[in-house]
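Enquirer: Below is a structure I'd like to ask you about.
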Amino acid sequence: MKPHATPILTSILDTDAYKLHMQQAVYHRYRNTTVVAEFRCRSEDLLGDYADEIRQQIELMRDLALTEDEYTYLASLPFFQSDYLEWLKSFRFDPSQVQVTNDKGRLKIRITGLWYQTILWEVPLLAVISETIHRNRTPDIGVEQAVSYLREKLTRFRHDYADVDLSQFKLSDFGTRRRYTKDVQHAIVSVLQQEFSPYLIGTSNYDLAHRLNLPPIGTQAHEWFQAFQQISPVLANSQRAALQGWLDEYPDQLGIALTDCITMDAFLRDFGTYFATQYEGLRHDSGDPFEWGEKATAHYQALGIDPLSKTLVFSDNLDLDKALALYKRFHKQIKLVFGIGTRLTCDIPGVNPQNIVIKLIQCNGKPVAKLSDSPGKSICQDKGFVKALHKAFNLPLAKRDN
């Protein structure tokens with residue numbers, strides 16, 4: 001197959017907001033921390049044939065740099081400090097940090113280096129992988145089909161839920177990493193902005209937020225909590241250390257905490273009155289969302305905190321119908337935001353979205369793990385460390401996958 005010489009990525013801001021938010025925190029506090037991350041295709045699709053094209057796109061990424069206009073935009077936001085932004089102007093992707101191989105038809109990718117440098121690889125690299133696959137497999141499908149199908153869904157939505165009070169319904173685009181193409185994501189978000197107002201409240205993509213004048217949405221990812229499994233001197237304290245570390249960097253903003261790095265139950269045991277008061281809310285990313293929502297609201301109530309003063313962000317495999325079902329269940333109990341990704345930006349008849357991720361597997365040369373509430377999402381290569389996590393967080397080993 002003939003490689004494409006045109007770069008898929010044209011902006012360093014074409015990434016999820018939480019990558020820049022985490023990078024600033026790591027730049028300020030953990031600059032000597034090293035990590036290893038690896039690619040996973042959860043659908044077990046054979047993607048190795050695209051290794052050469054992906055490798056070429058990685059080489060092209062070394063030319064990405066923050067422009068003066070982008071610098072001015074980031075500096076206008078309340079999240080970023082001047083020392084980080086000055087450094088970010090000099091940042092360049094280093095392709096030597098990424099190893100891409102075709103292992104008997106399977107795509108293998110391993111990222112190694114200092115955390116504050118390598119942290120930006122994940123999201124744009126996944127977007128490159130997704131776009132490379134789709135433009136090879138379904139080259140005749142594009143923006144027109146994506147927008148047409150979106151409009152069909154919006155028409156159905158308005159019809160099916162005409163009798164539902166949607167005054168508190170809030171939707172954000174979370175679709176960068178598994179989008180069909182960059183152009184499709186831009187078109188989808190533009191149509192939502194124009195035709196689905198006032199429900200669309202933002203996007204997780206900083207480039208789109210900048211171009212379309214939308215609020216950027218995002219706080220931290222699993223890797224923040226995973227890294228603290230080795231940054232924290234005591235494993236059992238790692239979640240609390242991660243929660244406090246985030247507050248140290250962002251004491252009064254970006255206050256949505258991700259709950260499922262070591263299961264929701266283990267998270268809530270660490271999320272006492274202090275953290276529950278300081279944080280604006282919680283994000284769901286695995287397990288039954290209805291059960292999770294009930295646990296979250298009950299937890300706030302048990303702590304004497306009015307759930308209506310807090311926000312739940314649902315972001316796991318959502319579409320509009322699933323978001324509406326959750327909205328109908330919880331909107332009178334607690335504030336809600338729905339982050340929809342693949343079902344917006346790669347939802348086209350005839351297209352098979354890729355269930356692909358890049359996750360941390362080591363920090364400072366030692367293993368880290370994700371033990372989510374969906375066993376298929378759990379990640380760790382060291383069974384001994386998985387057992388140590390179960391012991392530290394009092395988890396039943398037989399019920400978790402290792």
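Ordering of the structure tokens sets the chain letters (A, B, ...); residue numbers start at 1 within each chain; ligands are numbered from 1 in the order shown.
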Considering only helix (DSSP H, G or I) as DSSP defines it on the backbone, what residues of region 115-234 of chain A qualify? List them as a ChimeraX atom specification.
Expert: /A:115-118,122-137,143-160,182-195,206-212,222-231
Enquirer: How would you write, as a list in words, the set of residues in region 10-64 of chain A that DSSP gives as strand (DSSP E or B)?
Expert: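 Strand (DSSP E or B) members of region 10-64 of chain A, listed: Asp16, Thr34, Val35, Val36, Ala37, Glu38, Phe39, Arg40 and Cys41 of chain A.
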Enquirer: With a distance cut-off of 6 Å and only C-alpha atoms, select the neighbouring residues of Ile12 (chain A), excluding the residue or stretch itself and same-chain residues fewer than 2 positions from it, and output the selection as a ChimeraX atom specification.
Expert: /A:14,64-65
Enquirer: Can you pull out every residue within 12 Å of Gln145 (chain A), counting only C-alpha atoms, but drop anything in the same chain fewer than 2 positions away, and send it as a list in words?
Expert: Thr138, Asp140, Ile141, Gly142, Val143, Val147, Ser148, Tyr149, Leu150, Arg151, Glu152, Tyr180, Val184, Ala187, Ile188, Thr345, Cys346, Asp347, Ile348, Pro349, Gly350 and Val351 of chain A
Enquirer: Residues near region 74-83 of chain A, anyone? I mean within 10 Å using only C-alpha atoms, not counting same-chain ones fewer than 6 positions away, as a PDB file with all heavy atoms, in the first residue's frame.
Expert:
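Written output follows (result_30.pdb):
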```
ATOM      1  N   LEU A  13      -2.532  21.608  18.900  1.00  0.00           N
ATOM      2  CA  LEU A  13      -3.717  21.673  19.758  1.00  0.00           C
ATOM      3  C   LEU A  13      -4.774  20.655  19.365  1.00  0.00           C
ATOM      4  O   LEU A  13      -5.815  20.558  20.029  1.00  0.00           O
ATOM      5  CB  LEU A  13      -4.332  23.069  19.722  1.00  0.00           C
ATOM      6  CG  LEU A  13      -3.501  24.213  20.295  1.00  0.00           C
ATOM      7  CD1 LEU A  13      -4.360  25.465  20.428  1.00  0.00           C
ATOM      8  CD2 LEU A  13      -2.897  23.844  21.642  1.00  0.00           C
ATOM      9  N   LEU A  20      -3.159  18.562  27.765  1.00  0.00           N
ATOM     10  CA  LEU A  20      -2.442  19.789  28.102  1.00  0.00           C
ATOM     11  C   LEU A  20      -2.568  20.108  29.581  1.00  0.00           C
ATOM     12  O   LEU A  20      -1.604  20.564  30.211  1.00  0.00           O
ATOM     13  CB  LEU A  20      -2.953  20.956  27.253  1.00  0.00           C
ATOM     14  CG  LEU A  20      -2.725  20.849  25.748  1.00  0.00           C
ATOM     15  CD1 LEU A  20      -3.274  22.079  25.044  1.00  0.00           C
ATOM     16  CD2 LEU A  20      -1.247  20.680  25.421  1.00  0.00           C
ATOM     17  N   HIS A  21      -3.739  19.879  30.152  1.00  0.00           N
ATOM     18  CA  HIS A  21      -3.914  20.130  31.583  1.00  0.00           C
ATOM     19  C   HIS A  21      -2.986  19.232  32.407  1.00  0.00           C
ATOM     20  O   HIS A  21      -2.343  19.691  33.363  1.00  0.00           O
ATOM     21  CB  HIS A  21      -5.369  19.882  31.983  1.00  0.00           C
ATOM     22  CG  HIS A  21      -6.348  20.741  31.246  1.00  0.00           C
ATOM     23  ND1 HIS A  21      -7.677  20.419  31.151  1.00  0.00           N
ATOM     24  CD2 HIS A  21      -6.182  21.909  30.578  1.00  0.00           C
ATOM     25  CE1 HIS A  21      -8.297  21.350  30.443  1.00  0.00           C
ATOM     26  NE2 HIS A  21      -7.415  22.259  30.081  1.00  0.00           N
ATOM     27  N   GLN A  24       0.831  20.249  31.938  1.00  0.00           N
ATOM     28  CA  GLN A  24       1.269  21.376  32.749  1.00  0.00           C
ATOM     29  C   GLN A  24       1.572  20.940  34.183  1.00  0.00           C
ATOM     30  O   GLN A  24       2.597  21.321  34.764  1.00  0.00           O
ATOM     31  CB  GLN A  24       0.204  22.478  32.782  1.00  0.00           C
ATOM     32  CG  GLN A  24       0.577  23.633  33.710  1.00  0.00           C
ATOM     33  CD  GLN A  24      -0.381  24.796  33.625  1.00  0.00           C
ATOM     34  OE1 GLN A  24      -0.084  25.815  33.028  1.00  0.00           O
ATOM     35  NE2 GLN A  24      -1.552  24.644  34.258  1.00  0.00           N
ATOM     36  N   ALA A  25       0.696  20.103  34.747  1.00  0.00           N
ATOM     37  CA  ALA A  25       0.913  19.629  36.117  1.00  0.00           C
ATOM     38  C   ALA A  25       2.182  18.789  36.210  1.00  0.00           C
ATOM     39  O   ALA A  25       2.962  18.918  37.171  1.00  0.00           O
ATOM     40  CB  ALA A  25      -0.300  18.821  36.589  1.00  0.00           C
ATOM     41  N   TYR A  27       4.772  18.935  34.144  1.00  0.00           N
ATOM     42  CA  TYR A  27       5.888  19.850  33.894  1.00  0.00           C
ATOM     43  C   TYR A  27       6.285  20.579  35.179  1.00  0.00           C
ATOM     44  O   TYR A  27       7.478  20.737  35.474  1.00  0.00           O
ATOM     45  CB  TYR A  27       5.490  20.856  32.816  1.00  0.00           C
ATOM     46  CG  TYR A  27       6.507  21.948  32.579  1.00  0.00           C
ATOM     47  CD1 TYR A  27       7.653  21.708  31.823  1.00  0.00           C
ATOM     48  CD2 TYR A  27       6.319  23.229  33.113  1.00  0.00           C
ATOM     49  CE1 TYR A  27       8.585  22.711  31.596  1.00  0.00           C
ATOM     50  CE2 TYR A  27       7.247  24.236  32.896  1.00  0.00           C
ATOM     51  CZ  TYR A  27       8.377  23.972  32.143  1.00  0.00           C
ATOM     52  OH  TYR A  27       9.296  24.967  31.937  1.00  0.00           O
ATOM     53  N   HIS A  28       5.308  20.990  35.952  1.00  0.00           N
ATOM     54  CA  HIS A  28       5.597  21.722  37.185  1.00  0.00           C
ATOM     55  C   HIS A  28       6.086  20.822  38.311  1.00  0.00           C
ATOM     56  O   HIS A  28       6.888  21.264  39.155  1.00  0.00           O
ATOM     57  CB  HIS A  28       4.341  22.457  37.658  1.00  0.00           C
ATOM     58  CG  HIS A  28       4.041  23.695  36.875  1.00  0.00           C
ATOM     59  ND1 HIS A  28       2.751  24.168  36.687  1.00  0.00           N
ATOM     60  CD2 HIS A  28       4.855  24.557  36.222  1.00  0.00           C
ATOM     61  CE1 HIS A  28       2.802  25.278  35.962  1.00  0.00           C
ATOM     62  NE2 HIS A  28       4.057  25.532  35.667  1.00  0.00           N
ATOM     63  N   LEU A  66       3.528  24.965  18.477  1.00  0.00           N
ATOM     64  CA  LEU A  66       2.536  25.947  18.904  1.00  0.00           C
ATOM     65  C   LEU A  66       2.751  27.255  18.145  1.00  0.00           C
ATOM     66  O   LEU A  66       3.851  27.813  18.140  1.00  0.00           O
ATOM     67  CB  LEU A  66       2.669  26.182  20.409  1.00  0.00           C
ATOM     68  CG  LEU A  66       1.523  26.932  21.095  1.00  0.00           C
ATOM     69  CD1 LEU A  66       0.275  26.057  21.144  1.00  0.00           C
ATOM     70  CD2 LEU A  66       1.927  27.347  22.508  1.00  0.00           C
ATOM     71  N   GLU A  68       1.899  31.357  17.258  1.00  0.00           N
ATOM     72  CA  GLU A  68       1.674  32.542  18.088  1.00  0.00           C
ATOM     73  C   GLU A  68       0.195  32.736  18.382  1.00  0.00           C
ATOM     74  O   GLU A  68      -0.188  33.108  19.489  1.00  0.00           O
ATOM     75  CB  GLU A  68       2.250  33.790  17.396  1.00  0.00           C
ATOM     76  CG  GLU A  68       3.748  33.935  17.529  1.00  0.00           C
ATOM     77  CD  GLU A  68       4.213  34.034  18.995  1.00  0.00           C
ATOM     78  OE1 GLU A  68       3.509  34.675  19.804  1.00  0.00           O
ATOM     79  OE2 GLU A  68       5.251  33.443  19.315  1.00  0.00           O
ATOM     80  N   TYR A 206      -8.841  20.909  21.832  1.00  0.00           N
ATOM     81  CA  TYR A 206      -8.435  22.311  21.971  1.00  0.00           C
ATOM     82  C   TYR A 206      -8.382  23.033  20.622  1.00  0.00           C
ATOM     83  O   TYR A 206      -8.671  24.236  20.545  1.00  0.00           O
ATOM     84  CB  TYR A 206      -7.085  22.418  22.681  1.00  0.00           C
ATOM     85  CG  TYR A 206      -7.225  22.889  24.102  1.00  0.00           C
ATOM     86  CD1 TYR A 206      -6.792  22.106  25.166  1.00  0.00           C
ATOM     87  CD2 TYR A 206      -7.805  24.115  24.392  1.00  0.00           C
ATOM     88  CE1 TYR A 206      -6.927  22.530  26.475  1.00  0.00           C
ATOM     89  CE2 TYR A 206      -7.946  24.546  25.698  1.00  0.00           C
ATOM     90  CZ  TYR A 206      -7.518  23.761  26.741  1.00  0.00           C
ATOM     91  OH  TYR A 206      -7.672  24.190  28.032  1.00  0.00           O
ATOM     92  N   HIS A 210     -10.714  26.275  19.869  1.00  0.00           N
ATOM     93  CA  HIS A 210     -10.122  27.523  19.384  1.00  0.00           C
ATOM     94  C   HIS A 210     -10.797  27.976  18.095  1.00  0.00           C
ATOM     95  O   HIS A 210     -11.218  29.143  17.979  1.00  0.00           O
ATOM     96  CB  HIS A 210      -8.627  27.288  19.152  1.00  0.00           C
ATOM     97  CG  HIS A 210      -7.886  28.481  18.654  1.00  0.00           C
ATOM     98  ND1 HIS A 210      -6.777  28.371  17.836  1.00  0.00           N
ATOM     99  CD2 HIS A 210      -8.093  29.806  18.819  1.00  0.00           C
ATOM    100  CE1 HIS A 210      -6.323  29.569  17.548  1.00  0.00           C
ATOM    101  NE2 HIS A 210      -7.108  30.463  18.131  1.00  0.00           N
ATOM    102  N   PRO A 215     -16.153  26.263  24.501  1.00  0.00           N
ATOM    103  CA  PRO A 215     -15.401  25.978  25.724  1.00  0.00           C
ATOM    104  C   PRO A 215     -14.651  24.651  25.614  1.00  0.00           C
ATOM    105  O   PRO A 215     -15.221  23.655  25.150  1.00  0.00           O
ATOM    106  CB  PRO A 215     -16.488  25.893  26.805  1.00  0.00           C
ATOM    107  CG  PRO A 215     -17.638  26.670  26.257  1.00  0.00           C
ATOM    108  CD  PRO A 215     -17.596  26.441  24.774  1.00  0.00           C
ATOM    109  N   PRO A 216     -13.375  24.597  26.033  1.00  0.00           N
ATOM    110  CA  PRO A 216     -12.653  23.316  26.098  1.00  0.00           C
ATOM    111  C   PRO A 216     -13.063  22.559  27.355  1.00  0.00           C
ATOM    112  O   PRO A 216     -13.172  23.143  28.431  1.00  0.00           O
ATOM    113  CB  PRO A 216     -11.186  23.743  26.163  1.00  0.00           C
ATOM    114  CG  PRO A 216     -11.213  25.105  26.797  1.00  0.00           C
ATOM    115  CD  PRO A 216     -12.509  25.741  26.398  1.00  0.00           C
ATOM    116  N   GLU A 249      -2.182  21.655  41.805  1.00  0.00           N
ATOM    117  CA  GLU A 249      -1.979  22.363  40.542  1.00  0.00           C
ATOM    118  C   GLU A 249      -3.192  23.204  40.162  1.00  0.00           C
ATOM    119  O   GLU A 249      -3.044  24.307  39.638  1.00  0.00           O
ATOM    120  CB  GLU A 249      -1.685  21.360  39.421  1.00  0.00           C
ATOM    121  CG  GLU A 249      -1.377  21.989  38.069  1.00  0.00           C
ATOM    122  CD  GLU A 249      -0.020  22.691  38.020  1.00  0.00           C
ATOM    123  OE1 GLU A 249       0.843  22.403  38.886  1.00  0.00           O
ATOM    124  OE2 GLU A 249       0.193  23.511  37.113  1.00  0.00           O
ATOM    125  N   TYR A 250      -4.379  22.688  40.431  1.00  0.00           N
ATOM    126  CA  TYR A 250      -5.618  23.362  40.039  1.00  0.00           C
ATOM    127  C   TYR A 250      -6.566  23.442  41.241  1.00  0.00           C
ATOM    128  O   TYR A 250      -7.547  22.709  41.320  1.00  0.00           O
ATOM    129  CB  TYR A 250      -6.295  22.599  38.897  1.00  0.00           C
ATOM    130  CG  TYR A 250      -5.442  22.466  37.654  1.00  0.00           C
ATOM    131  CD1 TYR A 250      -4.873  21.241  37.301  1.00  0.00           C
ATOM    132  CD2 TYR A 250      -5.210  23.560  36.824  1.00  0.00           C
ATOM    133  CE1 TYR A 250      -4.097  21.117  36.153  1.00  0.00           C
ATOM    134  CE2 TYR A 250      -4.435  23.441  35.674  1.00  0.00           C
ATOM    135  CZ  TYR A 250      -3.881  22.220  35.352  1.00  0.00           C
ATOM    136  OH  TYR A 250      -3.116  22.100  34.213  1.00  0.00           O
ATOM    137  N   ASP A 252      -8.837  25.532  42.232  1.00  0.00           N
ATOM    138  CA  ASP A 252     -10.211  26.021  42.111  1.00  0.00           C
ATOM    139  C   ASP A 252     -10.732  25.967  40.676  1.00  0.00           C
ATOM    140  O   ASP A 252     -11.585  26.772  40.296  1.00  0.00           O
ATOM    141  CB  ASP A 252     -10.312  27.459  42.654  1.00  0.00           C
ATOM    142  CG  ASP A 252      -9.289  28.394  42.011  1.00  0.00           C
ATOM    143  OD1 ASP A 252      -8.604  27.966  41.062  1.00  0.00           O
ATOM    144  OD2 ASP A 252      -9.178  29.546  42.468  1.00  0.00           O
ATOM    145  N   GLN A 253     -10.223  25.022  39.893  1.00  0.00           N
ATOM    146  CA  GLN A 253     -10.711  24.845  38.522  1.00  0.00           C
ATOM    147  C   GLN A 253     -10.401  23.427  38.062  1.00  0.00           C
ATOM    148  O   GLN A 253      -9.677  22.693  38.728  1.00  0.00           O
ATOM    149  CB  GLN A 253     -10.057  25.857  37.580  1.00  0.00           C
ATOM    150  CG  GLN A 253      -8.543  25.855  37.613  1.00  0.00           C
ATOM    151  CD  GLN A 253      -7.947  27.110  36.994  1.00  0.00           C
ATOM    152  OE1 GLN A 253      -8.653  28.051  36.659  1.00  0.00           O
ATOM    153  NE2 GLN A 253      -6.634  27.125  36.827  1.00  0.00           N
ATOM    154  N   LEU A 254     -10.987  23.048  36.925  1.00  0.00           N
ATOM    155  CA  LEU A 254     -10.778  21.698  36.368  1.00  0.00           C
ATOM    156  C   LEU A 254     -11.038  20.623  37.422  1.00  0.00           C
ATOM    157  O   LEU A 254     -10.267  19.690  37.592  1.00  0.00           O
ATOM    158  CB  LEU A 254      -9.359  21.561  35.805  1.00  0.00           C
ATOM    159  CG  LEU A 254      -8.970  22.569  34.717  1.00  0.00           C
ATOM    160  CD1 LEU A 254      -7.528  22.336  34.268  1.00  0.00           C
ATOM    161  CD2 LEU A 254      -9.912  22.494  33.526  1.00  0.00           C
TER     162      LEU A 254
END
```
Enquirer: Can you list, as an MDAnalysis selection string, every protein, DNA or RNA residue that comes within 12 Å of Val164 (chain A) when you count only C-alpha atoms, leaving out same-chain residues fewer than 2 positions away?
Expert: chainID A and resid 157:162 166:169 324:325 327:329 331
Enquirer: Give me a file of those residues, with C-alpha atoms, as a JSON list (two decimals), in the first residue's frame.
Expert:
```json
[["chain", "number", "residue", "atom", "x", "y", "z"],
["A", 157, "PHE", "CA", -33.86, 12.82, 18.90],
["A", 158, "ARG", "CA", -36.15, 15.83, 18.65],
["A", 159, "HIS", "CA", -39.11, 13.63, 17.72],
["A", 160, "ASP", "CA", -38.59, 10.87, 20.29],
["A", 161, "TYR", "CA", -37.93, 13.24, 23.19],
["A", 162, "ALA", "CA", -40.29, 16.07, 22.33],
["A", 166, "LEU", "CA", -34.29, 19.00, 28.18],
["A", 167, "SER", "CA", -33.48, 22.35, 29.80],
["A", 168, "GLN", "CA", -30.61, 20.78, 31.78],
["A", 169, "PHE", "CA", -29.27, 18.50, 29.03],
["A", 324, "LEU", "CA", -31.11, 10.62, 27.42],
["A", 325, "ALA", "CA", -31.86, 7.52, 29.50],
["A", 327, "TYR", "CA", -30.55, 12.20, 31.92],
["A", 328, "LYS", "CA", -34.09, 11.04, 32.68],
["A", 329, "ARG", "CA", -32.81, 8.97, 35.61],
["A", 331, "HIS", "CA", -31.22, 15.14, 36.13]]
```
Enquirer: Of the residues A:Ser43, A:Ser11, A:Ile111, A:Asn102, which is the one nearest to Tyr71 (chain A), using only C-alpha atoms?
Expert: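 Of A:Ser43, A:Ser11, A:Ile111, A:Asn102, the one nearest Tyr71 (chain A), counting only C-alpha atoms, is A:Ser11.
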Enquirer: Applying 7 Å and only C-alpha atoms, which residues near Glu280 (chain A) remain after dropping the ones on its own chain fewer than 3 positions away? List them as a count of residues only.
Expert: 4
Enquirer: Report the distance between CA of Ile109 (chain A) and CA of Glu38 (chain A) in Å, rounded to one decimal place.
Expert: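 Separation between CA of Ile109 (chain A) and CA of Glu38 (chain A): 5.7 Å.
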Enquirer: Which value, in Å to one decimal, gives the distance between CA of Leu107 (chain A) and CA of Asn317 (chain A)?
Expert: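 Result for CA of Leu107 (chain A) versus CA of Asn317 (chain A): 23.1 Å, one decimal.
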Enquirer: Select, from A:Pro7, A:Pro95, A:Gly281, A:Gly365, the residue with the minimum atom-to-atom distance to Gln117 (chain A), counting only C-alpha atoms.
Expert: A:Pro95
Enquirer: Report the distance between CA of Asp94 (chain A) and CA of Thr15 (chain A) in Å, rounded to one decimal place.
Expert: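 Atom-to-atom, CA of Asp94 (chain A) and CA of Thr15 (chain A) are spaced 16.4 Å apart.
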